[in-house]
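Heads up: the structure comes next, in structure tokens.
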Amino acid sequence: MLGALLWVAGVAALGWLALVALLVLQERRLIFFPARALAAAPADFGLAAEELAIRTPDGLMLHGWWIEGPGDRVLIWYHGNAGNIGHRLHNARWFVDRLGVSVVLVDYRGYGRSGGTPDEAGVYADGLAVYDAVAARGVRPERIVLFGRSLGGAVALEVALRRPVGAIALESVFRSVRALAHEHYPFVPGFLVRTRMDNVSKVGRVRAPVLVLHGDRDSIVPLSHGQELFARAGGPARLHVIAGAGHNDTYLVGGEPYAEVWRAFLRDTGPA
């Protein structure tokens with residue numbers, strides 16, 4: 001009997017080790033889900049846009065769009081881990097129509113028409129390159145709003161720590177990759193997760209005003225992550241919980257209250 005139990009325990013342990021090893025080896029593929037083909041172009045949504053080609057410090061070319069809005073604020077949008085900028089155009093139309101901002105939407109390395117392969121250090125470098133390209137056009141820091149959704153929040157926070165900005169908005173953003181991995185893969189020891197994206201330690205060092213937006217039905221990044229980011233913010237911060245929203249439908253579910261929170265944030269953080 002004891003021998004049988006030990007055999008079962010041994011098989012279970014080997015199975016656990018094999019599963020953990022597979023997840024560790026496939027870590028990047030579990031974090032980054034790039035799509036190459038662009039599903040749409042700005043003109044498909046009636047958006048006036050200029051095509052962007054931005055070179056990173058390590059020599060890659062990033063592809064994106066400068067989508068023109070009627071106002072003087074520029075929203076640099078760092079998108080999430082799946083798809084590409086072509087999947088964000090409906091939402092970009094919302095930003096232009098409802099908030100009047102210009103939207104700079106650029107794919108990370110390995111996404112869409114951008115060269116290379118994504119990893120943590122790489123997407124940070126991409127985020128900085130996009131910011132620098134905007135600043136090179138003469139856009140003053142106080143006119144720049146960084147918007148990071150999900151994984152993009154890690155990029156936005158890294159940029160906000162290294163460049164001056166007028167404001168930063170974080171939507172559906174996690175505390176860290178390790179914390180999120182623990183939510184979905186609790187059997188994987190945290191020290192084996194190499195990608196950090198430690199947002200909760202960075203947000204306290206950001207002095208720009210922060211808006212945290214999070215759906216209360218987000219099954220990918222639980223609301224508690226957004227609440228902790230808000231609580232740890234180092235500068236002026238506000239939190240808006242979108243009732244009934246999941247991870248990707250915030251602007252659709254949020255309705256007028258969501259739009260008004262954005263308007264108030266832009267108004268209160270705008271240039272004097």
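Scheme for the structure tokens: letters A, B, ... for chains in order shown; per-chain residue numbers from 1; ligand numbers from 1 in order shown.
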List as a tab-separated table every residue of region 49-95 of chain A that is in contact with region 104-108 of chain A, defined as an atom at most 8 Å from one of its atoms (using only C-alpha atoms), together with the nearest atom pair and the distance in Å rounded to one decimal, sorted by chain and then rising number.
```
residue	atom	partner	partner_atom	distance
A:Leu52	CA	A:Val106	CA	7.8
A:Leu62	CA	A:Asp107	CA	6.3
A:His63	CA	A:Val106	CA	5.8
A:Gly64	CA	A:Val106	CA	3.8
A:Trp65	CA	A:Leu105	CA	5.4
A:Trp66	CA	A:Val104	CA	4.6
A:Ile67	CA	A:Val104	CA	6.1
A:Val74	CA	A:Val104	CA	7.2
A:Leu75	CA	A:Val104	CA	6.1
A:Ile76	CA	A:Val104	CA	4.8
A:Trp77	CA	A:Leu105	CA	5.4
A:Tyr78	CA	A:Leu105	CA	7.2
A:His79	CA	A:Asp107	CA	7.9
A:Asn84	CA	A:Asp107	CA	6.2
A:Ile85	CA	A:Asp107	CA	5.9
```
Output the selection as a PDB file, in the first residue's frame - N, CA, C and O atoms for each residue.
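So the final result, stored in again-v6.pdb, reads:
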```pdb
ATOM      1  N   LEU A  52       3.469  56.339 -39.239  1.00  0.00           N
ATOM      2  CA  LEU A  52       4.713  56.582 -38.518  1.00  0.00           C
ATOM      3  C   LEU A  52       5.679  55.423 -38.709  1.00  0.00           C
ATOM      4  O   LEU A  52       5.270  54.261 -38.720  1.00  0.00           O
ATOM      5  N   LEU A  62       9.631  50.549 -35.911  1.00  0.00           N
ATOM      6  CA  LEU A  62       8.285  50.376 -35.373  1.00  0.00           C
ATOM      7  C   LEU A  62       7.292  51.080 -36.291  1.00  0.00           C
ATOM      8  O   LEU A  62       7.558  52.174 -36.787  1.00  0.00           O
ATOM      9  N   HIS A  63       6.136  50.436 -36.460  1.00  0.00           N
ATOM     10  CA  HIS A  63       5.105  51.000 -37.333  1.00  0.00           C
ATOM     11  C   HIS A  63       3.923  51.476 -36.497  1.00  0.00           C
ATOM     12  O   HIS A  63       3.522  50.832 -35.524  1.00  0.00           O
ATOM     13  N   GLY A  64       3.386  52.619 -36.888  1.00  0.00           N
ATOM     14  CA  GLY A  64       2.211  53.102 -36.166  1.00  0.00           C
ATOM     15  C   GLY A  64       1.522  54.220 -36.905  1.00  0.00           C
ATOM     16  O   GLY A  64       1.806  54.503 -38.076  1.00  0.00           O
ATOM     17  N   TRP A  65       0.609  54.878 -36.195  1.00  0.00           N
ATOM     18  CA  TRP A  65      -0.165  55.985 -36.757  1.00  0.00           C
ATOM     19  C   TRP A  65      -0.246  57.142 -35.770  1.00  0.00           C
ATOM     20  O   TRP A  65      -0.363  56.936 -34.560  1.00  0.00           O
ATOM     21  N   TRP A  66      -0.182  58.338 -36.316  1.00  0.00           N
ATOM     22  CA  TRP A  66      -0.549  59.543 -35.572  1.00  0.00           C
ATOM     23  C   TRP A  66      -1.955  59.903 -36.034  1.00  0.00           C
ATOM     24  O   TRP A  66      -2.149  60.351 -37.154  1.00  0.00           O
ATOM     25  N   ILE A  67      -2.927  59.681 -35.175  1.00  0.00           N
ATOM     26  CA  ILE A  67      -4.325  59.920 -35.515  1.00  0.00           C
ATOM     27  C   ILE A  67      -4.713  61.295 -34.987  1.00  0.00           C
ATOM     28  O   ILE A  67      -4.662  61.549 -33.785  1.00  0.00           O
ATOM     29  N   VAL A  74      -2.104  65.149 -26.621  1.00  0.00           N
ATOM     30  CA  VAL A  74      -1.656  63.986 -27.395  1.00  0.00           C
ATOM     31  C   VAL A  74      -1.643  62.770 -26.479  1.00  0.00           C
ATOM     32  O   VAL A  74      -0.931  62.762 -25.470  1.00  0.00           O
ATOM     33  N   LEU A  75      -2.418  61.770 -26.828  1.00  0.00           N
ATOM     34  CA  LEU A  75      -2.513  60.531 -26.059  1.00  0.00           C
ATOM     35  C   LEU A  75      -1.600  59.486 -26.693  1.00  0.00           C
ATOM     36  O   LEU A  75      -1.842  59.043 -27.815  1.00  0.00           O
ATOM     37  N   ILE A  76      -0.530  59.127 -26.004  1.00  0.00           N
ATOM     38  CA  ILE A  76       0.323  58.026 -26.476  1.00  0.00           C
ATOM     39  C   ILE A  76      -0.237  56.752 -25.872  1.00  0.00           C
ATOM     40  O   ILE A  76      -0.225  56.563 -24.657  1.00  0.00           O
ATOM     41  N   TRP A  77      -0.722  55.871 -26.727  1.00  0.00           N
ATOM     42  CA  TRP A  77      -1.425  54.667 -26.281  1.00  0.00           C
ATOM     43  C   TRP A  77      -0.495  53.463 -26.381  1.00  0.00           C
ATOM     44  O   TRP A  77      -0.069  53.083 -27.479  1.00  0.00           O
ATOM     45  N   TYR A  78      -0.194  52.864 -25.242  1.00  0.00           N
ATOM     46  CA  TYR A  78       0.560  51.608 -25.184  1.00  0.00           C
ATOM     47  C   TYR A  78      -0.443  50.476 -24.990  1.00  0.00           C
ATOM     48  O   TYR A  78      -1.045  50.346 -23.924  1.00  0.00           O
ATOM     49  N   HIS A  79      -0.597  49.680 -26.028  1.00  0.00           N
ATOM     50  CA  HIS A  79      -1.690  48.701 -26.029  1.00  0.00           C
ATOM     51  C   HIS A  79      -1.321  47.418 -25.279  1.00  0.00           C
ATOM     52  O   HIS A  79      -0.193  47.242 -24.808  1.00  0.00           O
ATOM     53  N   ASN A  84      -2.762  43.740 -32.487  1.00  0.00           N
ATOM     54  CA  ASN A  84      -1.900  44.839 -32.927  1.00  0.00           C
ATOM     55  C   ASN A  84      -2.729  46.113 -32.990  1.00  0.00           C
ATOM     56  O   ASN A  84      -3.900  46.126 -32.582  1.00  0.00           O
ATOM     57  N   ILE A  85      -2.135  47.188 -33.497  1.00  0.00           N
ATOM     58  CA  ILE A  85      -2.825  48.475 -33.476  1.00  0.00           C
ATOM     59  C   ILE A  85      -4.086  48.490 -34.341  1.00  0.00           C
ATOM     60  O   ILE A  85      -4.995  49.276 -34.094  1.00  0.00           O
TER      61      ILE A  85
END
```
Within 12 Å of Ala43 (chain A), counting only C-alpha atoms, which residues qualify if same-chain residues fewer than 2 places away don't, as a PyMOL selection string? chain A and resi 40-41+45-51+65+67-68+86+89-90+92-93
Write out as an MDAnalysis selection string which residues come within 9 Å of Ala125 (chain A) when counting only C-alpha atoms, dropping same-chain ones fewer than 2 positions away. chainID A and resid 56:58 120:123 127:130 155 159
Nearest to Glu183 (chain A) among A:Met197, A:Ile220, A:Ala37, A:Ala231, with distances taken over only C-alpha atoms: which residue is it?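 Ranked by minimum distance to Glu183 (chain A), first place goes to A:Ile220.
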Taking into account only C-alpha atoms, which residue in the set A:Ala160, A:Val212, A:Leu223, A:Ala135 is nearest to Ala245 (chain A)? A:Leu223
CA of Trp262 (chain A) to CA of Ala156 (chain A), straight-line distance in Å: 17.0 Å
Nearest to Gly83 (chain A): which of A:Ala167, A:Ala39, A:Ala208, A:Val253 is it, counting only C-alpha atoms?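 Smallest separation from Gly83 (chain A) among the options: A:Ala39.
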Every residue of region 70-114 of chain A that DSSP places in strand (DSSP E), as JSON, numbers by chain: {"A": [74, 75, 76, 77, 78, 82, 83, 102, 103, 104, 105, 106]}
Same residues, N, CA and C atoms, saved as a short mmCIF file (atom, residue, chain, number, x, y, z; two decimals), in the first residue's frame:
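Okay, this is what ended up in out-v7.cif:
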```cif
data_model
loop_
_atom_site.label_atom_id
_atom_site.label_comp_id
_atom_site.auth_asym_id
_atom_site.auth_seq_id
_atom_site.Cartn_x
_atom_site.Cartn_y
_atom_site.Cartn_z
N VAL A 74 -2.10 65.15 -26.62
CA VAL A 74 -1.66 63.99 -27.39
C VAL A 74 -1.64 62.77 -26.48
N LEU A 75 -2.42 61.77 -26.83
CA LEU A 75 -2.51 60.53 -26.06
C LEU A 75 -1.60 59.49 -26.69
N ILE A 76 -0.53 59.13 -26.00
CA ILE A 76 0.32 58.03 -26.48
C ILE A 76 -0.24 56.75 -25.87
N TRP A 77 -0.72 55.87 -26.73
CA TRP A 77 -1.43 54.67 -26.28
C TRP A 77 -0.50 53.46 -26.38
N TYR A 78 -0.19 52.86 -25.24
CA TYR A 78 0.56 51.61 -25.18
C TYR A 78 -0.44 50.48 -24.99
N ALA A 82 -2.05 41.40 -26.85
CA ALA A 82 -2.55 40.60 -27.97
C ALA A 82 -2.91 41.48 -29.16
N GLY A 83 -2.88 40.88 -30.35
CA GLY A 83 -3.30 41.58 -31.55
C GLY A 83 -2.27 42.60 -32.02
N SER A 102 -5.51 63.84 -29.91
CA SER A 102 -4.81 63.09 -30.95
C SER A 102 -4.29 61.80 -30.32
N VAL A 103 -4.27 60.73 -31.09
CA VAL A 103 -3.87 59.43 -30.56
C VAL A 103 -2.65 58.93 -31.33
N VAL A 104 -1.58 58.64 -30.60
CA VAL A 104 -0.39 58.04 -31.20
C VAL A 104 -0.42 56.56 -30.85
N LEU A 105 -0.58 55.73 -31.86
CA LEU A 105 -0.79 54.30 -31.68
C LEU A 105 0.28 53.56 -32.48
N VAL A 106 1.22 52.95 -31.77
CA VAL A 106 2.37 52.31 -32.42
C VAL A 106 2.51 50.88 -31.89
#
```
One-decimal distance in Å that lies between CA of Leu157 (chain A) and CA of Val177 (chain A):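 Computing the Euclidean distance for CA of Val177 (chain A) and CA of Leu157 (chain A) yields 14.0 Å.
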Choose the residue, out of A:Glu158, A:Asp249, A:Glu142, A:Asp218, that has the smallest atom-to-atom separation from Val206 (chain A); count only C-alpha atoms. A:Glu158
Computed interatomic separation between CA of Arg178 (chain A) and CA of Asp198 (chain A) (Å): 8.0 Å
Tell me, as a ChimeraX atom specification, which residues lie within 10 Å of Ser224 (chain A), counting only C-alpha atoms; anything in the same chain fewer than 4 positions away does not count. /A:174-175,214,216,218,228-230
When distances are computed from only C-alpha atoms, which of A:Gly115, A:Gly152, A:Gly246, A:Gly100 shows the smallest separation from Ile31 (chain A)?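 Checking each candidate against Ile31 (chain A), we get A:Gly152 as the closest.
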Residue nearest Asn91 (chain A) among A:Arg205, A:Pro42, A:Arg162, A:Phe32 (counting only C-alpha atoms):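 Smallest separation from Asn91 (chain A) among the options: A:Pro42.
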Please identify which residues in region 30-268 of chain A DSSP calls alpha helix (DSSP H) from the backbone, and express them as an NGL selection string. :A and (30-31 or 89-94 or 120-135 or 151-162 or 177-184 or 199-202 or 223-232 or 250-268)
